[in-house]
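Okay, data-v6.cif is below, mmCIF, C-alpha atoms:
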data_upload
#
loop_
_atom_site.label_atom_id
_atom_site.label_comp_id
_atom_site.auth_asym_id
_atom_site.auth_seq_id
_atom_site.Cartn_x
_atom_site.Cartn_y
_atom_site.Cartn_z
CA MET A 51 -48.35 -34.47 -20.23
CA PHE A 52 -46.86 -34.35 -23.71
CA GLY A 53 -46.07 -37.66 -25.35
CA LYS A 54 -43.50 -38.24 -28.07
CA LYS A 55 -46.23 -38.29 -30.70
CA ASN A 56 -47.65 -34.93 -29.56
CA ILE A 57 -44.17 -33.34 -29.62
CA LYS A 58 -43.55 -34.59 -33.14
CA ASP A 59 -46.91 -33.23 -34.27
CA ILE A 60 -46.20 -29.79 -32.75
CA PHE A 61 -42.77 -29.66 -34.37
CA ARG A 62 -44.17 -30.73 -37.75
CA ASN A 63 -46.96 -28.14 -37.59
CA THR A 64 -44.54 -25.38 -36.63
CA LYS A 65 -42.17 -26.29 -39.45
CA ASP A 66 -45.02 -26.27 -41.96
CA LYS A 67 -46.19 -22.83 -40.81
CA VAL A 68 -42.66 -21.38 -41.08
CA ARG A 69 -42.22 -22.87 -44.56
CA ASP A 70 -45.59 -21.56 -45.71
CA PHE A 71 -44.69 -18.08 -44.39
CA LEU A 72 -41.32 -18.04 -46.18
CA LEU A 73 -43.03 -19.00 -49.46
CA THR A 74 -45.50 -16.12 -49.30
CA GLU A 75 -45.15 -13.12 -51.62
CA LYS A 76 -44.69 -10.64 -48.78
CA CYS A 77 -41.83 -12.66 -47.24
CA ARG A 78 -40.02 -12.90 -50.56
CA GLU A 79 -40.31 -9.15 -51.05
CA PHE A 80 -39.00 -8.53 -47.52
CA LEU A 81 -36.00 -10.84 -48.05
CA ILE A 82 -35.18 -9.14 -51.35
CA PHE A 83 -35.36 -5.78 -49.59
CA LEU A 84 -32.96 -6.98 -46.86
CA PHE A 85 -30.56 -8.26 -49.53
CA PHE A 86 -30.33 -4.88 -51.22
CA VAL A 87 -30.01 -3.13 -47.85
CA ALA A 88 -27.04 -5.37 -47.04
CA ILE A 89 -25.43 -4.63 -50.41
CA SER A 90 -25.98 -0.90 -49.92
CA PHE A 91 -24.48 -1.04 -46.44
CA GLY A 92 -21.45 -2.90 -47.81
CA PHE A 93 -20.86 -0.27 -50.50
CA TRP A 94 -21.30 2.49 -47.94
CA MET A 95 -18.78 0.86 -45.62
CA LEU A 96 -16.23 0.46 -48.42
CA GLN A 97 -16.66 4.08 -49.44
CA THR A 98 -16.40 5.29 -45.84
CA LEU A 99 -13.38 3.16 -44.96
CA ASP A 100 -11.59 4.40 -48.06
CA GLY A 101 -11.09 7.73 -46.27
CA ASN A 102 -8.26 8.51 -43.82
CA PHE A 103 -8.76 8.04 -40.08
CA GLU A 104 -6.73 8.33 -36.89
CA THR A 105 -6.75 5.71 -34.15
CA GLU A 106 -4.65 4.39 -31.26
CA PHE A 107 -3.18 0.96 -30.56
CA THR A 108 -1.15 -0.55 -27.75
CA ILE A 109 2.01 -2.53 -28.37
CA PRO A 110 3.54 -4.73 -25.61
CA LEU A 111 7.02 -3.88 -24.37
CA ARG A 112 9.47 -6.53 -23.13
CA LEU A 113 12.93 -6.41 -21.56
CA LYS A 114 14.98 -9.51 -22.33
CA ASP A 115 18.37 -11.07 -21.64
CA VAL A 116 18.69 -9.54 -18.15
CA PRO A 117 21.69 -11.11 -16.34
CA LYS A 118 20.96 -13.10 -13.19
CA ASP A 119 22.95 -10.71 -10.99
CA VAL A 120 21.00 -7.66 -12.23
CA VAL A 121 17.85 -6.40 -10.49
CA ILE A 122 15.56 -3.90 -12.23
CA THR A 123 14.89 -1.41 -9.45
CA SER A 124 12.33 0.84 -11.15
CA ASP A 125 8.96 0.22 -12.78
CA LEU A 126 9.33 -0.58 -16.47
CA GLN A 127 6.54 0.38 -18.85
CA ASP A 128 4.88 -2.82 -20.08
CA GLU A 129 3.30 -1.27 -23.17
CA VAL A 130 3.36 1.80 -25.40
CA ARG A 131 0.43 3.59 -27.02
CA VAL A 132 0.83 4.59 -30.65
CA LYS A 133 -1.34 6.97 -32.64
CA VAL A 134 -1.48 6.30 -36.39
CA GLU A 135 -3.25 7.59 -39.50
CA ASP A 136 -4.23 5.56 -42.60
CA ARG A 137 -7.16 4.48 -44.71
CA GLY A 138 -10.01 2.91 -42.80
CA THR A 139 -9.55 -0.49 -44.45
CA VAL A 140 -5.94 -0.66 -43.28
CA LEU A 141 -6.84 0.40 -39.74
CA LEU A 142 -9.65 -2.16 -39.70
CA ASN A 143 -7.10 -4.81 -40.60
CA TYR A 144 -4.96 -3.71 -37.64
CA MET A 145 -7.97 -3.96 -35.33
CA LEU A 146 -9.39 -7.27 -36.50
CA GLY A 147 -6.73 -9.32 -38.19
CA ARG A 148 -3.29 -8.25 -37.06
CA SER A 149 -1.61 -8.43 -33.66
CA PHE A 150 1.54 -6.46 -32.97
CA LEU A 151 4.68 -8.23 -31.80
CA PRO A 152 6.14 -7.01 -28.48
CA ILE A 153 8.89 -4.41 -28.71
CA SER A 154 11.91 -6.26 -27.28
CA ILE A 155 14.64 -4.32 -25.50
CA ASN A 156 17.88 -6.23 -25.18
CA PHE A 157 19.49 -5.33 -21.85
CA SER A 158 23.05 -5.70 -23.14
CA ASP A 159 22.41 -3.10 -25.86
CA TYR A 160 21.85 -0.37 -23.28
CA GLU A 161 23.93 -1.45 -20.28
CA ASN A 162 26.12 1.40 -19.01
CA SER A 163 28.08 2.54 -15.96
CA SER A 164 25.38 4.91 -14.66
CA SER A 165 22.84 2.10 -13.97
CA ARG A 166 20.19 4.20 -15.72
CA VAL A 167 18.88 3.29 -19.17
CA VAL A 168 16.79 5.48 -21.46
CA LEU A 169 15.57 4.18 -24.81
CA PRO A 170 15.91 7.07 -27.31
CA TYR A 171 12.64 8.30 -28.80
CA GLU A 172 13.81 7.84 -32.38
CA ASP A 173 14.83 4.27 -31.62
CA LEU A 174 11.38 3.64 -30.18
CA ARG A 175 9.69 5.11 -33.27
CA LYS A 176 11.79 2.92 -35.58
CA ARG A 177 10.80 -0.21 -33.66
CA VAL A 178 7.12 0.73 -33.93
CA SER A 179 7.32 1.77 -37.60
CA SER A 180 8.87 -1.56 -38.55
CA GLN A 181 5.53 -3.25 -37.76
CA LEU A 182 3.33 -0.79 -39.68
CA ASN A 183 2.31 -0.78 -43.32
CA SER A 184 4.25 1.57 -45.59
CA THR A 185 1.09 3.65 -46.04
CA THR A 186 0.53 4.10 -42.32
CA LYS A 187 1.66 7.41 -40.84
CA LEU A 188 2.96 7.22 -37.26
CA LEU A 189 1.69 10.34 -35.47
CA SER A 190 2.92 9.79 -31.90
CA VAL A 191 4.24 7.30 -29.39
CA TYR A 192 3.35 7.51 -25.68
CA PRO A 193 5.28 7.61 -23.49
CA ASP A 194 7.87 9.39 -25.60
CA SER A 195 10.73 7.90 -23.58
CA ILE A 196 11.21 4.49 -22.01
CA GLY A 197 13.71 4.02 -19.22
CA PHE A 198 14.61 1.94 -16.21
CA VAL A 199 17.13 1.78 -13.38
CA TYR A 200 19.00 -1.36 -12.43
CA SER A 201 21.33 -2.57 -9.70
CA GLN A 202 24.15 -5.03 -10.21
CA GLY A 203 24.82 -6.88 -6.96
CA LYS A 204 24.22 -3.79 -4.77
CA PHE A 205 21.86 -4.27 -1.83
CA LYS A 206 21.50 -3.87 1.93
CA LYS A 207 19.03 -4.61 4.71
CA VAL A 208 17.04 -1.70 6.18
CA PRO A 209 14.36 -1.53 8.90
CA VAL A 210 10.71 -0.89 8.10
CA SER A 211 8.91 2.04 9.73
CA VAL A 212 5.23 3.03 9.73
CA SER A 213 4.21 6.37 8.26
CA GLY A 214 0.80 8.00 8.49
CA LYS A 215 -1.70 8.42 11.31
CA ILE A 216 -2.69 5.70 13.79
CA THR A 217 -4.83 6.94 16.68
CA PRO A 218 -6.98 5.13 19.27
CA GLY A 219 -10.59 5.83 20.09
CA ILE A 220 -11.74 7.52 23.30
CA GLN A 221 -10.70 5.53 26.42
CA TYR A 222 -8.40 3.36 24.27
CA TYR A 223 -4.67 3.39 23.60
CA ILE A 224 -2.28 1.76 21.13
CA SER A 225 -0.58 -0.99 23.13
CA ASP A 226 1.63 -2.38 20.35
CA ILE A 227 2.42 -2.07 16.64
CA LYS A 228 4.06 -5.05 14.95
CA LEU A 229 5.50 -5.13 11.44
CA SER A 230 6.03 -8.27 9.38
CA PRO A 231 8.62 -8.20 8.03
CA ASP A 232 10.31 -5.61 10.24
CA SER A 233 13.17 -5.25 7.75
CA VAL A 234 13.57 -5.67 3.99
CA ILE A 235 16.32 -5.93 1.38
CA VAL A 236 16.73 -2.86 -0.81
CA TYR A 237 18.40 -3.09 -4.23
CA ALA A 238 19.65 0.10 -5.86
CA PRO A 239 22.64 1.66 -7.59
CA ALA A 240 25.41 2.60 -5.17
CA GLU A 241 24.62 6.35 -5.21
CA VAL A 242 20.95 5.65 -4.38
CA LEU A 243 21.62 2.83 -1.92
CA LYS A 244 23.68 4.99 0.44
CA THR A 245 20.75 7.42 0.87
CA VAL A 246 18.23 4.74 1.89
CA GLN A 247 18.29 4.16 5.65
CA THR A 248 14.67 3.16 6.31
CA ALA A 249 11.84 1.67 4.28
CA TYR A 250 8.61 3.54 5.04
CA THR A 251 5.11 2.19 4.50
CA MET A 252 2.63 4.09 2.39
CA PRO A 253 0.86 6.65 4.64
CA LEU A 254 -1.73 4.87 6.79
CA ASP A 255 -4.99 6.45 7.90
CA CYS A 256 -6.24 4.51 10.93
CA GLU A 257 -8.10 6.79 13.31
CA ASP A 258 -10.32 6.14 16.34
CA LEU A 259 -9.38 2.46 16.59
CA THR A 260 -11.33 0.47 19.19
CA GLU A 261 -10.24 -3.04 18.19
CA ASN A 262 -7.14 -4.83 16.99
CA THR A 263 -6.47 -4.09 13.33
CA SER A 264 -4.34 -5.86 10.73
CA LEU A 265 -3.65 -4.65 7.22
CA ARG A 266 -1.20 -5.07 4.36
CA THR A 267 0.42 -2.02 2.81
CA SER A 268 3.04 -1.49 0.14
CA LEU A 269 6.30 0.32 0.84
CA LYS A 270 6.79 3.88 -0.32
CA LYS A 271 8.69 3.84 -3.59
CA ILE A 272 12.04 5.51 -4.04
CA ASP A 273 13.20 6.31 -7.55
CA GLY A 274 15.83 3.79 -8.57
CA ALA A 275 15.31 1.47 -5.58
CA LYS A 276 13.45 -1.83 -5.24
CA TYR A 277 12.37 -3.52 -1.99
CA ASP A 278 12.15 -7.25 -1.42
CA PRO A 279 9.47 -7.83 -0.33
CA SER A 280 7.67 -4.70 -1.52
CA PHE A 281 4.92 -4.90 1.11
CA CYS A 282 4.51 -5.08 4.88
CA ASP A 283 1.82 -6.47 7.22
CA VAL A 284 0.95 -4.04 10.01
CA SER A 285 -0.74 -5.33 13.18
CA VAL A 286 -2.05 -2.70 15.59
CA SER A 287 -3.04 -3.88 19.09
CA VAL A 288 -5.57 -1.74 20.95
CA ASP A 289 -6.39 -1.89 24.66
CA MET A 290 -9.01 -0.15 26.78
CA TYR A 291 -8.00 2.09 29.65
CA SER A 292 -9.05 1.40 33.25
CA GLU A 293 -8.23 3.42 36.36
CA LYS A 294 -6.44 1.95 39.37
CA THR A 295 -5.17 3.29 42.71
CA VAL A 296 -2.31 1.94 44.85
CA GLU A 297 -0.61 3.18 48.04
CA VAL A 298 3.09 4.01 47.68
CA PRO A 299 5.44 4.87 50.60
CA VAL A 300 7.54 8.03 50.54
CA VAL A 301 11.22 7.08 50.76
CA GLY A 302 14.23 9.19 51.72
CA ILE A 303 17.24 9.15 49.40
CA GLY A 304 20.82 9.94 50.36
CA PHE A 305 20.16 10.51 54.05
CA PRO A 306 23.08 10.15 56.49
CA ALA A 307 23.12 7.07 58.71
CA ASN A 308 22.04 9.09 61.75
CA LYS A 309 19.14 10.89 60.04
CA THR A 310 15.71 9.55 59.09
CA LEU A 311 12.94 11.07 57.00
CA ARG A 312 9.42 11.11 58.45
CA THR A 313 6.54 12.26 56.25
CA PHE A 314 2.94 12.87 57.15
CA PRO A 315 1.33 10.80 55.79
CA SER A 316 4.01 8.15 55.26
CA LYS A 317 2.14 6.71 52.25
CA VAL A 318 0.27 8.47 49.46
CA LYS A 319 -2.28 7.28 46.93
CA VAL A 320 -1.16 6.98 43.31
CA THR A 321 -3.99 6.86 40.76
CA PHE A 322 -3.28 6.07 37.13
CA LYS A 323 -4.72 4.73 33.89
CA VAL A 324 -3.70 1.29 32.66
CA GLY A 325 -4.98 -1.09 30.01
CA LEU A 326 -7.30 -3.89 30.99
CA SER A 327 -4.73 -6.45 29.91
CA GLY A 328 -2.21 -5.12 32.45
CA TYR A 329 -4.62 -4.17 35.25
CA SER A 330 -3.84 -7.11 37.50
CA SER A 331 -0.08 -7.13 36.91
CA VAL A 332 0.69 -3.54 37.92
CA ASN A 333 0.98 -2.83 41.68
CA ALA A 334 2.58 -0.47 44.19
CA ASP A 335 6.04 -2.00 43.66
CA ASP A 336 6.03 -0.57 40.11
CA PHE A 337 6.06 3.01 41.50
CA PHE A 338 8.66 4.94 43.48
CA ILE A 339 8.43 8.23 45.35
CA GLY A 340 11.82 9.38 46.62
CA VAL A 341 12.88 12.56 48.43
CA LYS A 342 16.55 13.57 48.25
CA TYR A 343 18.28 14.75 51.41
CA SER A 344 20.22 17.31 49.37
CA ASP A 345 16.97 18.85 48.11
CA LEU A 346 15.60 19.24 51.64
CA LEU A 347 18.70 21.14 52.72
CA LYS A 348 18.00 23.71 50.01
CA THR A 349 14.38 24.44 50.99
CA SER A 350 12.91 26.35 53.86
CA LYS A 351 9.37 25.02 53.44
CA ASP A 352 7.75 22.65 55.91
CA ASN A 353 6.29 20.50 53.14
CA ILE A 354 7.67 18.92 50.02
CA ASP A 355 6.17 18.27 46.57
CA LEU A 356 6.16 14.64 45.52
CA VAL A 357 7.28 13.27 42.18
CA VAL A 358 6.49 9.69 41.22
CA THR A 359 8.41 7.49 38.80
CA THR A 360 7.37 4.13 37.41
CA THR A 361 9.00 1.14 35.76
CA TYR A 362 5.73 -0.05 34.22
CA PRO A 363 5.59 0.98 30.55
CA ASN A 364 1.86 1.27 29.87
CA VAL A 365 0.51 3.61 32.53
CA SER A 366 -0.55 7.22 32.00
CA ASN A 367 -2.31 10.11 33.71
CA ILE A 368 -0.51 9.46 37.00
CA ARG A 369 -1.84 11.51 39.94
CA VAL A 370 -0.52 11.61 43.51
CA VAL A 371 -2.87 12.38 46.45
CA PRO A 372 -1.78 14.31 48.37
CA SER A 373 0.68 15.94 45.97
CA SER A 374 2.76 17.31 48.86
CA VAL A 375 3.41 16.14 52.42
CA ASP A 376 4.76 17.58 55.65
CA TYR A 377 8.08 16.17 56.73
CA LEU A 378 10.42 15.89 59.66
CA ILE A 379 14.06 14.87 59.76
CA GLU A 380 14.79 12.81 62.82
CA GLU A 381 18.30 12.51 64.15
CA SER A 382 19.23 9.36 66.00
CA VAL A 383 22.14 8.93 68.46
CA ILE A 384 24.71 6.35 67.43
CA SER A 385 26.37 4.79 70.42
CA ILE A 386 29.92 3.53 70.11
CA ARG A 387 31.05 0.65 72.32
CA GLN A 388 34.55 0.71 73.66
#
What do you get writing this file as structure tokens?
Amino acid sequence: MFGKKNIKDIFRNTKDKVRDFLLTEKCREFLIFLFFVAISFGFWMLQTLDGNFETEFTIPLRLKDVPKDVVITSDLQDEVRVKVEDRGTVLLNYMLGRSFLPISINFSDYENSSSRVVLPYEDLRKRVSSQLNSTTKLLSVYPDSIGFVYSQGKFKKVPVSVSGKITPGIQYYISDIKLSPDSVIVYAPAEVLKTVQTAYTMPLDCEDLTENTSLRTSLKKIDGAKYDPSFCDVSVSVDMYSEKTVEVPVVGIGFPANKTLRTFPSKVKVTFKVGLSGYSSVNADDFFIGVKYSDLLKTSKDNIDLVVTTTYPNVSNIRVVPSSVDYLIEESVISIRQ
């Protein structure tokens, strides 16, 4: 363990060794050498920076004094890149000691009836040049034009729709797709607003889904239009298929009161695919197999093909066994009492 006395002794010994080293002849020669190297480097830098160079800077861009009833419906550039040429010392001053003020665009200076504003290139150059030294040459400004679109009190509500590809995995199916929000407010100039009927999500790529999936996506941009909100939460529910079989009776439709349809067999098996979540709720009452009397009068065959309909929404791959049955039309005698 080190005591306070030991620490003081180590510090004192180290300080003495450093002092003795700095007082040696070799150390003095080395420090003198470093001094002249620093002076030489300084002269070299001054000589180098005295030449002309090209470099790029970014200058912030701001839109101000926008009325409360105006909505900017397009993306506005938040900065411009400028390329300049000048002596190295001047450019170094730009880089280290000088910050550029934002270029302010006053909305009222460019407001017009077309709802589209473009800041002229020459105007943009003048605003940039006003912040440069007189010796600095402005070579270029990027982008060369600044513009935006605005809407003044024009908006409407439109539904949101999913775009892209959403597919289930093998033995699965998409049971539900929910959007939140399912509608958004769109702001745009009148000529743009009338063309927007639906807000579409950015194309989704969700393939071979085997579990419920939730994601947030932005809405596909339309030039001159702005959505509020500009995003949508998509929830995709996935269910697994299971196979089920029920017995469904064959029923006559439109038969006269004195005629009855007899089929052999009187019931057929209906096999179908349904999601596990709905397996227990679907039954024979959700299916209907009807044979029209008018259709039987038009056929000369002794059997009829069966067609099944269902009121249950999430069944697929419906098969009927047997797919056709023999039939007989029985006529009954109606007695009339006097």
Enter the distance from CA of Leu311 (chain A) to CA of Pro372 (chain A), in Å, rounded to one decimal.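 Distance reported for this atom pair: 17.4 Å.
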Within 10 Å of region 275-287 of chain A, which residues of region 88-205 of chain A come that close, and what is the closest atom pair and distance in Å for each? Count only C-alpha atoms and give it as a tab-separated table.
residue	atom	partner	partner_atom	distance
A:Val121	CA	A:Lys276	CA	8.2
A:Ile122	CA	A:Lys276	CA	7.6
A:Thr123	CA	A:Lys276	CA	4.5
A:Ser124	CA	A:Ala275	CA	6.3
A:Asp125	CA	A:Lys276	CA	9.0
A:Val199	CA	A:Ala275	CA	8.0
A:Tyr200	CA	A:Ala275	CA	8.3
A:Ser201	CA	A:Ala275	CA	8.3
A:Phe205	CA	A:Lys276	CA	9.4
Give as a PDB file with C-alpha atoms, in the coordinates of the input the residues that the PyMOL selection byres ((chain A and resi 291) around 10) matches when applied to the coordinates above.
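As written to disk, part-v4.pdb reads:
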ATOM      1  CA  ILE A 220     -11.740   7.520  23.300  1.00  0.00           C
ATOM      2  CA  GLN A 221     -10.700   5.530  26.420  1.00  0.00           C
ATOM      3  CA  TYR A 222      -8.400   3.360  24.270  1.00  0.00           C
ATOM      4  CA  TYR A 223      -4.670   3.390  23.600  1.00  0.00           C
ATOM      5  CA  VAL A 288      -5.570  -1.740  20.950  1.00  0.00           C
ATOM      6  CA  ASP A 289      -6.390  -1.890  24.660  1.00  0.00           C
ATOM      7  CA  MET A 290      -9.010  -0.150  26.780  1.00  0.00           C
ATOM      8  CA  SER A 292      -9.050   1.400  33.250  1.00  0.00           C
ATOM      9  CA  GLU A 293      -8.230   3.420  36.360  1.00  0.00           C
ATOM     10  CA  LYS A 294      -6.440   1.950  39.370  1.00  0.00           C
ATOM     11  CA  PHE A 322      -3.280   6.070  37.130  1.00  0.00           C
ATOM     12  CA  LYS A 323      -4.720   4.730  33.890  1.00  0.00           C
ATOM     13  CA  VAL A 324      -3.700   1.290  32.660  1.00  0.00           C
ATOM     14  CA  GLY A 325      -4.980  -1.090  30.010  1.00  0.00           C
ATOM     15  CA  LEU A 326      -7.300  -3.890  30.990  1.00  0.00           C
ATOM     16  CA  SER A 327      -4.730  -6.450  29.910  1.00  0.00           C
ATOM     17  CA  GLY A 328      -2.210  -5.120  32.450  1.00  0.00           C
ATOM     18  CA  TYR A 329      -4.620  -4.170  35.250  1.00  0.00           C
ATOM     19  CA  ASN A 364       1.860   1.270  29.870  1.00  0.00           C
ATOM     20  CA  VAL A 365       0.510   3.610  32.530  1.00  0.00           C
ATOM     21  CA  SER A 366      -0.550   7.220  32.000  1.00  0.00           C
TER      22      SER A 366
END
Nearest to Arg266 (chain A): which of A:Lys133, A:Lys244, A:Lys228, A:Arg112 is it, counting all atoms listed in the file?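 Among A:Lys133, A:Lys244, A:Lys228, A:Arg112, it is A:Lys228 that comes nearest to Arg266 (chain A).
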Report as CSV the residues of region 98-119 of chain A within 8 Å of region 154-157 of chain A, each with its shortest atom pair and distance in Å (one decimal), using all atoms listed in the file, ordered by chain and increasing residue number.
residue,atom,partner,partner_atom,distance
A:Leu111,CA,A:Ser154,CA,6.2
A:Arg112,CA,A:Ser154,CA,4.8
A:Leu113,CA,A:Ile155,CA,4.8
A:Lys114,CA,A:Asn156,CA,5.2
A:Asp115,CA,A:Phe157,CA,5.9
A:Val116,CA,A:Phe157,CA,5.7
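When all atoms listed in the file are used to measure the gap to Ile339 (chain A), the shortest distance among A:Ile216, A:Val234, A:Ile227, A:Ile303 belongs to A:Ile303.
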Neighbours of Val242 (chain A) within 9 Å (all atoms listed in the file; same-chain residues fewer than 5 positions away dropped), as a list in words?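 My reading of the contact set: Ile272, Asp273, Gly274 and Ala275 of chain A.
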Can you tell me, as a PyMOL selection string, what residues are no more than 8 Å from Thr186 (chain A) when counting only C-alpha atoms, ignoring any on the same chain fewer than 5 positions away? chain A and resi 134-136
Separation of CA of Lys270 (chain A) and CA of Thr251 (chain A), in Å? 5.4 Å
Among listed residues A:Val371, A:Leu356, A:Val332, A:Phe198, nearest Glu161 (chain A) (using all atoms listed in the file):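 Closest to Glu161 (chain A) of all the choices is A:Phe198.
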For Val167 (chain A), which residue among A:Pro239, A:Gly197, A:Ser350, A:Gly138 is the nearest when counting only C-alpha atoms? A:Gly197
